[in-house]
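For reference, query08.cif (mmCIF, C-alpha atoms):
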```
data_structure
#
loop_
_atom_site.label_atom_id
_atom_site.label_comp_id
_atom_site.auth_asym_id
_atom_site.auth_seq_id
_atom_site.Cartn_x
_atom_site.Cartn_y
_atom_site.Cartn_z
CA MET P 1 16.23 7.36 -16.03
CA THR P 2 13.63 9.72 -17.32
CA SER P 3 12.35 12.49 -15.10
CA LYS P 4 8.89 10.85 -15.07
CA ILE P 5 10.33 7.62 -13.63
CA LEU P 6 12.34 9.59 -11.07
CA LEU P 7 9.21 11.51 -10.07
CA ARG P 8 7.32 8.23 -9.57
CA LEU P 9 10.17 6.84 -7.49
CA CYS P 10 10.13 9.98 -5.32
CA ILE P 11 6.35 9.76 -4.86
CA ALA P 12 6.59 6.07 -4.00
CA THR P 13 9.41 6.71 -1.55
CA LEU P 14 7.47 9.41 0.25
CA ALA P 15 4.32 7.30 0.33
CA ALA P 16 6.07 4.25 1.68
CA GLY P 17 7.44 6.17 4.63
CA ALA P 18 10.49 4.53 6.11
CA ALA P 19 10.56 1.69 3.59
CA MET P 20 13.08 2.14 0.85
CA ILE P 21 11.90 1.99 -2.75
CA GLY P 22 14.60 0.86 -5.14
CA CYS P 23 15.35 -2.14 -3.02
CA THR P 24 12.66 -4.62 -2.13
CA SER P 25 13.25 -4.57 1.58
CA SER P 26 15.02 -2.79 4.35
CA SER P 27 15.89 -4.11 7.75
CA GLY P 28 14.85 -2.23 10.80
CA PRO P 29 13.16 -2.62 14.13
CA PRO P 30 9.92 -4.59 14.20
CA SER P 31 6.85 -2.45 13.60
CA THR P 32 3.38 -2.75 15.02
CA GLY P 33 2.10 -2.14 11.51
CA VAL P 34 0.80 -4.98 9.41
CA LEU P 35 0.07 -2.97 6.28
CA ASP P 36 0.26 0.56 4.94
CA TYR P 37 -1.40 1.58 1.68
CA GLN P 38 -1.55 4.87 -0.14
CA SER P 39 -2.80 5.95 -3.53
CA SER P 40 -0.48 8.49 -5.14
CA GLY P 41 0.27 9.84 -8.60
CA GLY P 42 -2.22 11.31 -11.04
CA LEU P 43 -2.33 14.98 -11.96
CA SER P 44 -2.33 16.14 -8.34
CA GLY P 45 0.23 13.61 -7.14
CA ASN P 46 -2.23 12.54 -4.43
CA GLY P 47 -3.88 9.70 -6.33
CA ASP P 48 -7.48 9.20 -5.33
CA GLY P 49 -6.73 10.20 -1.74
CA SER P 50 -7.02 6.66 -0.36
CA GLU P 51 -4.86 5.62 2.59
CA LEU P 52 -5.12 2.68 4.97
CA HIS P 53 -2.97 1.62 7.93
CA VAL P 54 -3.67 -1.69 9.66
CA THR P 55 -1.98 -2.75 12.90
CA ALA P 56 -1.53 -6.18 14.45
CA ASP P 57 -4.36 -5.54 16.94
CA ARG P 58 -6.80 -5.28 13.94
CA THR P 59 -7.05 -1.49 14.19
CA ALA P 60 -7.56 0.11 10.79
CA ARG P 61 -7.10 3.81 10.13
CA ARG P 62 -8.20 5.29 6.85
CA VAL P 63 -7.79 8.79 5.52
CA THR P 64 -10.92 10.34 4.11
CA ARG P 65 -11.00 12.21 0.81
CA GLN P 66 -11.48 15.39 2.84
CA GLY P 67 -8.15 14.78 4.60
CA GLY P 68 -9.46 13.62 7.99
CA SER P 69 -8.89 10.17 9.42
CA GLN P 70 -11.21 7.52 10.77
CA THR P 71 -10.45 4.46 12.87
CA ALA P 72 -12.24 1.12 13.17
CA THR P 73 -11.53 -2.39 14.38
CA LEU P 74 -11.54 -5.00 11.62
CA ASP P 75 -13.51 -8.16 12.30
CA ALA P 76 -11.40 -11.32 12.57
CA ALA P 77 -12.49 -12.66 9.17
CA THR P 78 -11.53 -9.47 7.31
CA PHE P 79 -8.22 -9.19 9.18
CA ASN P 80 -7.36 -12.85 8.57
CA ASP P 81 -8.24 -12.51 4.87
CA LEU P 82 -5.98 -9.48 4.63
CA ARG P 83 -3.12 -11.33 6.37
CA ALA P 84 -3.61 -14.34 4.07
CA ARG P 85 -3.43 -12.10 1.00
CA ILE P 86 -0.26 -10.47 2.34
CA GLU P 87 1.30 -13.91 2.72
CA ALA P 88 0.04 -15.05 -0.70
CA ALA P 89 1.50 -11.93 -2.35
CA GLN P 90 4.99 -13.28 -1.55
CA PHE P 91 6.56 -9.85 -1.08
CA THR P 92 10.08 -11.27 -1.08
CA THR P 93 9.59 -12.17 -4.76
CA LEU P 94 7.92 -8.95 -5.95
CA GLU P 95 9.60 -6.15 -7.85
CA PRO P 96 9.79 -2.82 -5.99
CA MET P 97 7.91 -1.09 -8.82
CA TYR P 98 5.43 -2.08 -11.54
CA SER P 99 5.12 0.70 -14.07
CA CYS P 100 3.04 1.11 -17.19
CA SER P 101 4.91 4.25 -18.28
CA CYS P 102 1.52 5.92 -18.47
CA ALA P 103 1.17 9.64 -18.02
CA ASP P 104 -0.65 10.73 -14.87
CA ASP P 105 -1.60 7.19 -13.77
CA PHE P 106 -2.48 6.56 -10.12
CA VAL P 107 0.05 4.50 -8.17
CA ASP P 108 -0.84 1.98 -5.45
CA VAL P 109 1.88 1.91 -2.79
CA VAL P 110 1.73 -1.08 -0.44
CA SER P 111 4.10 -1.56 2.46
CA VAL P 112 3.98 -4.60 4.76
CA GLN P 113 5.87 -5.58 7.86
CA LEU P 114 7.02 -9.21 7.88
CA SER P 115 9.06 -10.15 10.94
CA ASP P 116 11.64 -7.38 11.22
CA THR P 117 11.65 -6.45 7.53
CA THR P 118 9.53 -3.91 5.68
CA TYR P 119 8.67 -4.63 2.06
CA ALA P 120 7.30 -1.91 -0.19
CA VAL P 121 5.89 -2.14 -3.68
CA SER P 122 4.46 0.56 -5.88
CA ALA P 123 2.29 -0.30 -8.86
CA ASP P 124 0.71 1.93 -11.47
CA THR P 125 -2.99 1.10 -11.62
CA SER P 126 -2.66 0.38 -15.36
CA ALA P 127 0.49 -1.74 -15.00
CA ASP P 128 0.63 -5.48 -15.43
CA VAL P 129 1.08 -6.68 -11.83
CA PRO P 130 1.12 -10.24 -10.51
CA ASP P 131 -2.36 -11.54 -9.69
CA ARG P 132 -1.30 -12.24 -6.10
CA LEU P 133 -0.39 -8.55 -5.60
CA GLN P 134 -3.55 -7.34 -7.35
CA ALA P 135 -5.65 -9.55 -5.04
CA LEU P 136 -4.12 -7.77 -2.03
CA ILE P 137 -4.62 -4.31 -3.53
CA ASP P 138 -8.26 -5.17 -4.32
CA LYS P 139 -8.81 -6.32 -0.72
CA VAL P 140 -7.26 -3.14 0.66
CA ARG P 141 -9.54 -1.03 -1.51
CA ASP P 142 -12.50 -3.10 -0.29
CA VAL P 143 -11.55 -2.48 3.35
CA ILE P 144 -11.26 1.25 2.69
CA GLN P 145 -14.80 1.25 1.28
CA GLN P 146 -16.36 -1.05 3.91
CA PRO P 147 -19.12 0.44 6.05
CA LEU P 148 -17.32 -0.38 9.28
CA ASP P 149 -17.88 1.43 12.56
CA TRP P 150 -15.48 4.16 11.47
CA HIS P 151 -15.01 6.90 14.07
#
```

I'd like the structure from this file rewritten - as structure tokens, please.
Amino acid sequence: MTSKILLRLCIATLAAGAAMIGCTSSSGPPSTGVLDYQSSGGLSGNGDGSELHVTADRTARRVTRQGGSQTATLDAATFNDLRARIEAAQFTTLEPMYSCSCADDFVDVVSVQLSDTTYAVSADTSADVPDRLQALIDKVRDVIQQPLDWH
């Protein structure tokens, strides 16, 4: 493996938290998390600074570009759409990494909790990813940008 690929794997592993990159899933205790997302990579290694954590009670926590965090409750329609896109992404069939071998590309790292298994996928923003995964990433980015009652 080249050092660039190893660096991306390390970044993805750190971003995915307890989920293991290099294998599609890891068993563990059930989590209250529904979805974790982080942008990484780029020149700084921090991506565009976007992070989102969504729990089963519809609580969403995003990290601001300034490094603070804000919390909001997702409306039922947004939450259900997000859950439907998670299901449609078919995480059990996805590769753990989609790479474009591009220098300094941002990487979208998505981790979801399905039953008692965590699935994590990292995808370079310029990589060719399955449409079903891209639809989820697009929805996550939309939620991050929504003018919710963030506090």

Shell around Ile137 of chain P at 12 Å using only C-alpha atoms, local window under 4 positions removed, as a ChimeraX atom specification: /P:35-39,50-52,82,85-86,89,107-112,121-125,129-133,141-144

Long-range neighbours of Ala76 of chain P as a ChimeraX atom specification, 12 Å cut-off, only C-alpha atoms, 5 positions minimum in chain: /P:56-59,81-84

Point-to-point distance in Å for atom CA of Gln90 of chain P and atom CA of Val140 of chain P: 16.1 Å

Please give the centre and size of the box around segment 118-129 of chain P (axis-aligned, containing every atom listed in the file, 3 Å added per side), with values in Å to one decimal and written as lines of an AutoDock Vina configuration file.
```
center_x = 3.3
center_y = -2.4
center_z = -4.9
size_x = 18.5
size_y = 14.6
size_z = 27.1
```

Å distance separating atom CA of Tyr98 of chain P from atom CA of Gln145 of chain P, one decimal place: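 A separation of 24.2 Å between them.
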
Matched chain/residue IDs from the PyMOL selection byres ((chain P and resi 69) around 12), as a ChimeraX atom specification: /P:49-53,60-68,70-72,144,150-151

Put those residues in a file: C-alpha atoms, as a tab-separated table (two decimals), in the coordinates of the input.
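Listing of again.tsv after writing:
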```tsv
chain	number	residue	atom	x	y	z
P	49	GLY	CA	-6.73	10.20	-1.74
P	50	SER	CA	-7.02	6.66	-0.36
P	51	GLU	CA	-4.86	5.62	2.59
P	52	LEU	CA	-5.12	2.68	4.97
P	53	HIS	CA	-2.97	1.62	7.93
P	60	ALA	CA	-7.56	0.11	10.79
P	61	ARG	CA	-7.10	3.81	10.13
P	62	ARG	CA	-8.20	5.29	6.85
P	63	VAL	CA	-7.79	8.79	5.52
P	64	THR	CA	-10.92	10.34	4.11
P	65	ARG	CA	-11.00	12.21	0.81
P	66	GLN	CA	-11.48	15.39	2.84
P	67	GLY	CA	-8.15	14.78	4.60
P	68	GLY	CA	-9.46	13.62	7.99
P	70	GLN	CA	-11.21	7.52	10.77
P	71	THR	CA	-10.45	4.46	12.87
P	72	ALA	CA	-12.24	1.12	13.17
P	144	ILE	CA	-11.26	1.25	2.69
P	150	TRP	CA	-15.48	4.16	11.47
P	151	HIS	CA	-15.01	6.90	14.07
```

Top pick for closest residue to Asp128 of chain P, considering P:Val54, P:Ala103, P:Met97, P:Leu148 and counting only C-alpha atoms: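 Under the stated criterion, the closest residue is P:Met97.
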
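The interatomic distance for the pair atom CA of Gln113 of chain P and atom CA of Asp138 of chain P works out to 18.7 Å.
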
Apply the PyMOL selection byres ((chain P and resi 102) around 9) to the file shown and report the selected residues as an mmCIF file with C-alpha atoms, in the coordinates of the input.
```cif
data_model
loop_
_atom_site.group_PDB
_atom_site.id
_atom_site.type_symbol
_atom_site.label_atom_id
_atom_site.label_comp_id
_atom_site.auth_asym_id
_atom_site.auth_seq_id
_atom_site.Cartn_x
_atom_site.Cartn_y
_atom_site.Cartn_z
ATOM 1 C CA SER P 99 5.120 0.700 -14.070
ATOM 2 C CA CYS P 100 3.040 1.110 -17.190
ATOM 3 C CA SER P 101 4.910 4.250 -18.280
ATOM 4 C CA ALA P 103 1.170 9.640 -18.020
ATOM 5 C CA ASP P 104 -0.650 10.730 -14.870
ATOM 6 C CA ASP P 105 -1.600 7.190 -13.770
ATOM 7 C CA ASP P 124 0.710 1.930 -11.470
ATOM 8 C CA SER P 126 -2.660 0.380 -15.360
ATOM 9 C CA ALA P 127 0.490 -1.740 -15.000
#
```

Selected residue, from P:Ser40, P:Asp48, P:Val34, P:Ala120, that lies nearest to Glu95 of chain P when counting only C-alpha atoms: P:Ala120
